[in-house]
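Everything below concerns the one structure shown next.
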Amino acid sequence: MTDHPLPTAGADPVPIRRRRALAPSRDGRPWTFYVLATLFTLYVIALYGPMVCIYILSFQDVRGGLVFPMRGTSLHWFVDLFTQVRTGDVKGAFSRSIRLAVVVTIITVVISFMSGLAFRKRFAGDSVVFYLMIGSLVAPGLVLGIGVGLICNVIGIETSWYTTALGAQLSWTLPFGVLVMFAVISRLNNAWEEAARDLGASAWQTTLLVIVPILAPGLVAVALFGFTLSYDEFTRSLLTAGSLNTLPLEIWSMTLNVTSPSLYALGTVTTLISFVIIGVCLGTIARIQKRRAAGPAAH
Amino acid sequence: MESKAKGGRSNAGWLLILPLVLILVPFFVVPIIGVVVASFVQSDGFGGIIPSFTLENYKGVFTSGLTYQLYWATLKFSVFAWIFSLLIGFWIAYFLVFHVRNPLLALGLFLICTVPFWTSNIIRMISWIPLLGKEGLINSALIKTHVIDQPLDVLLFSSLAVVIAYVHQLTIFMIVPIFNSMARIDKRTIEAARDAGASRFEIVRFIVLPLCKTGIALGSIFVVSIVMGDFFVVKVMSGGGSASVVGAFYEDIGVLQYPTAAASATILTIIVLLLVVTILRTVDIRKELTR
């Protein structure tokens with residue numbers, strides 16, 4: 001398993017210091033627990049603290065600025081966000097981003113599932129496809145954007161958010177989806193499929209009635225990745241979305257131009273949508289697992 | 001029979017993988033080829049290209065001192081982001097796997113770490129402004145406690161802010177794969193080592209670390225490739241003080257210098273791919289992933 005020789009009990013000449021080295025503290029927790037628990041707490045605070053700050057600051061009234069202290073409380077900047085022309089077409093960007101994310105999610109789930117199944121067995125050129133996928137994952141997004149733009153220029157088609165940006169986003173969400181599928185499928189027992197086949201199920205029936213239900217939680221996880229990665233995708237969309245902005249592009253242009261809390265209000269709204277999606281997906285996974293745990297008792 | 005079954009499977013494999021290939025070819029392979037080709041043609045200076053072979057674009061990139069400065073800056077950010085995200089990510093994962101005894105609690109804490117990954121990067125980045133700004137929380141707290149009497153300028157719109165934003169965004173890419181690797185370690189291996197007299201440090205050094213190699217490699221690939229390909233964190237968080245490789249050729253695109261941009265884009269892509277290949281050489285990632 002490892003390249004390093006593990007000290008084995010028989011040949012070990014240094015057993016003298018062991019009892020001191022790992023003496024637990026009084027309540028059974030080693031001191032490292034407290035150090036790492038502190039690190040973890042600080043990490044979580046650093047992770048959420050700044051985000052919470054902008055949610056709070058987005059509820060200021062008209063005098064509000066970009067930093068604390070809070071100046072009044074109101075929904076002024078949320079109204080401002082959706083009514084002001086100067087902040088751009090936020091409503092349109094929202095609706096485009098959500099529609100795009102839904103399409104990306106559906107395609108990502110279906111294709112990742114198929115690819116995950118394909119990679120269970122070796123096929124001619126499987127390594128090529130695998131490394132294409134890794135390449136697509138690590139290639140700088142803007143380079144791909146330039147490439148897509150150039151190609152469209154040459155063959156004379158317009159870039160738009162529902163064609164070229166869709167493809168550019170898929171080149172990012174699909175590798176993620178397939179990687180998640182790898183983790184999910186590694187727990188799939190071949191015996192279940194063989195049992196289904198032995199009982200006379202066709203290949204389609206085995207897939208739809210056995211594999212899909214077993215992998216359902218994993219597929220929901222892939223959907224979560226597909227939706228959120230598309231919904232927040234920026235670099236690959238930048239040069240491929242054409243004349244109409246998706247939401248992250250809108251946020252980007254606001255970051256450069258707008259210096260009022262309406263920027264924070266947009267952050268609050270878009271994060272809220274992300275949280276709803278995350279909640280729905282994780283809730284679905286939890287529900288499936290719970291039903292599964294209760295399953296055998298019901299029969 | 002065996003060979004026939006294998007042949008059938010191989011065809012089915014190709015049918016299943018076809019949709020993925022049909023997306024990756026037009027949206028990854030062809031654009032990359034397009035960029036490489038464009039890097040060898042001449043610009044007419046007005047956004048158009050003249051289809052004749054030239055090495056001028058590369059000559060321009062390699063003879064410009066700016067290029068080396070940009071790469072040096074980007075490399076520096078990559079190294080800092082990598083070191084800090086690896087250190088924090090490793091110990092967070094270690095804490096969750098080896099110190100939290102209740103597996104359900106560990107999963108819950110793990111999810112707490114992952115939720116921000118599914119939210120907007122740009123929003124998470126700008127959310128540092130009210131904290132790090134000149135009149136931000138940190139400065140006002142330090143002034144109130146009389147640690148300093150002038151607000152610190154280095155907190156926001158500086159290299160420090162860029163590194164903070166990167167670590168904030170990318171540590172999750174370390175935590176998830178390392179957590180995965182660690183969770184697969186048979187706890188009996190560690191008990192055996194402990195019984196044989198290994199110290200806590202030796203267990204981490206000789207058991208946990210080698211068995212997490214894949215996770216660390218995967219995380220490193222994400223962090224390095226994202227930082228190398230980034231331009232918006234540098235642009236916003238450095239306040240224009242630092243530039244990045246991608247930022248530079250994005251400016252070229254803005255002034256319609258496609259061939260020059262394509263040349264730097266090609267060089268950057270090659271460097272990123274070389275880095276990734278180097279990391280991949282240390283582990284058989286495919287075997288680990290599909291196992």
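By convention here, the chains of the structure tokens are called A, B, ... in the order presented, each chain's residues are numbered starting at 1, and ligands are numbered starting at 1 in the order presented.
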* Just asking: which residues within region 68-265 of chain A are helix (DSSP H, G or I) according to DSSP, as an MDAnalysis selection string? -> chainID A and resid 76:83 90:118 126:138 141:155 164:185 190:198 203:231 235:238 247:257 262:265
* Would you kindly return, as a ChimeraX atom specification, each protein, DNA or RNA residue with an atom no farther than 12 Å from any atom of Ser64 (chain B), considering only C-alpha atoms and excluding same-chain residues fewer than 6 positions away? => /B:57-58,70-71,260,264
Could you write out that same residue set with C-alpha atoms as a PDB file, in the first residue's frame?
ATOM      1  CA  ASN B  57       3.759  36.780 -32.290  1.00  0.00           C
ATOM      2  CA  TYR B  58       5.952  34.428 -30.285  1.00  0.00           C
ATOM      3  CA  LEU B  70       3.751  38.546 -15.527  1.00  0.00           C
ATOM      4  CA  TYR B  71       4.768  34.909 -15.262  1.00  0.00           C
ATOM      5  CA  THR B 260      -0.639  38.150 -29.946  1.00  0.00           C
ATOM      6  CA  SER B 264       0.461  34.049 -24.981  1.00  0.00           C
TER       7      SER B 264
END
* Please measure the separation of CA of Gly295 (chain A) and CA of Ala196 (chain A), giving the value in Å to one decimal. => 19.1 Å
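All residues of protein, DNA or RNA that reach within 12 Å of Ser95 (chain A), judged by only C-alpha atoms and not counting those fewer than 4 positions away in the chain, are A:Asp89, A:Val90, A:Lys91, A:Arg99, A:Leu100, A:Ala101, A:Val102, A:Trp161, A:Tyr231, A:Leu244, A:Asn245, A:Thr246, A:Leu247, A:Thr270, A:Ile273.
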* To do: For Ser120 (chain B), list every protein, DNA or RNA residue within 8 Å, evaluated using only C-alpha atoms, and leave out those in the same chain fewer than 3 positions away; present the list as a ChimeraX atom specification.
  => /A:232,248,270-271 /B:116-117,123-124
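The space between CA of Leu268 (chain B) and CA of Met228 (chain B) spans 8.0 Å.
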* Among the residues A:Ser160, A:Ser115, A:Thr173, A:Ser202, the one that comes closest to Val21 (chain B) [using only C-alpha atoms] ->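 For Val21 (chain B), the nearest of the candidates is A:Ser115.
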* Asked: Asp61 (chain A): which residues within 10 Å, counting only C-alpha atoms, same-chain residues fewer than 6 positions away excluded, as a list in words?
  ->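 Once the adjacent positions are removed, what remains is Met70, Arg71, Gly72, Thr73, Ser74, Leu75, His76, Trp77 and Pro261 of chain A.
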* Extract, using only C-alpha atoms, all DNA, RNA and protein residues at most 9 Å from region 38-43 of chain B, discarding same-chain residues fewer than 2 positions from it, and format them as a ChimeraX atom specification. => /A:147,150 /B:33-36,45-58,257-266
* To do: Show which residues sit within 12 Å of Lys187 (chain B), as a list in words. Count only C-alpha atoms, and ignore same-chain residues fewer than 4 positions away.
  => Val97, Phe98, His99, Met182, Ala183, Glu191, Ala192, Ala193, Arg194, Ile203, Ile207 and Val208 of chain B
Could you please take those selected residues and save N, CA and C atoms as a tab-separated table (two decimals), in the first residue's frame?
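Final file, result39.tsv:
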chain	number	residue	atom	x	y	z
B	97	VAL	N	-11.49	13.60	9.57
B	97	VAL	CA	-11.43	12.15	9.44
B	97	VAL	C	-10.96	11.48	10.73
B	98	PHE	N	-9.92	12.05	11.36
B	98	PHE	CA	-9.31	11.32	12.47
B	98	PHE	C	-9.68	11.84	13.85
B	99	HIS	N	-10.24	13.04	13.93
B	99	HIS	CA	-10.54	13.56	15.27
B	99	HIS	C	-12.02	13.63	15.58
B	182	MET	N	-8.25	10.26	2.78
B	182	MET	CA	-8.09	9.92	4.19
B	182	MET	C	-9.19	9.00	4.67
B	183	ALA	N	-10.40	9.24	4.18
B	183	ALA	CA	-11.53	8.43	4.64
B	183	ALA	C	-11.35	6.97	4.22
B	191	GLU	N	-3.93	2.05	13.98
B	191	GLU	CA	-3.84	1.39	15.30
B	191	GLU	C	-2.62	0.50	15.37
B	192	ALA	N	-2.38	-0.22	14.26
B	192	ALA	CA	-1.22	-1.11	14.23
B	192	ALA	C	0.06	-0.31	14.42
B	193	ALA	N	0.15	0.82	13.72
B	193	ALA	CA	1.35	1.65	13.82
B	193	ALA	C	1.51	2.16	15.25
B	194	ARG	N	0.39	2.55	15.85
B	194	ARG	CA	0.43	3.06	17.21
B	194	ARG	C	0.90	1.97	18.17
B	203	ILE	N	3.08	8.69	12.41
B	203	ILE	CA	1.87	8.17	11.76
B	203	ILE	C	1.48	9.08	10.59
B	207	ILE	N	2.29	7.16	7.24
B	207	ILE	CA	1.07	6.44	6.85
B	207	ILE	C	0.09	7.38	6.16
B	208	VAL	N	-0.33	8.42	6.87
B	208	VAL	CA	-1.39	9.29	6.34
B	208	VAL	C	-0.92	9.99	5.07
* Have a look at CA of Val283 (chain B) and CA of Val100 (chain B) and let me know their distance in Å, one decimal. =>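 Taking CA of Val283 (chain B) as the start and CA of Val100 (chain B) as the end point, the length is 28.3 Å.
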Could you make a table, as CSV, of the residues of region 13-108 of chain A that have an atom within 12 Å of an atom of region 176-189 of chain A, each with its nearest atom pair and distance in Å to one decimal, counting only C-alpha atoms, in chain and number order?
residue,atom,partner,partner_atom,distance
A:Val104,CA,A:Gly177,CA,11.0
A:Thr105,CA,A:Gly177,CA,9.6
A:Ile106,CA,A:Gly177,CA,11.3
A:Ile107,CA,A:Gly177,CA,10.3
A:Thr108,CA,A:Gly177,CA,6.5
* Structure fact -> Judged by only C-alpha atoms, the minimum distance to chain B among A:Leu66, A:Val109, A:Val103, A:Cys152 is found for A:Leu66
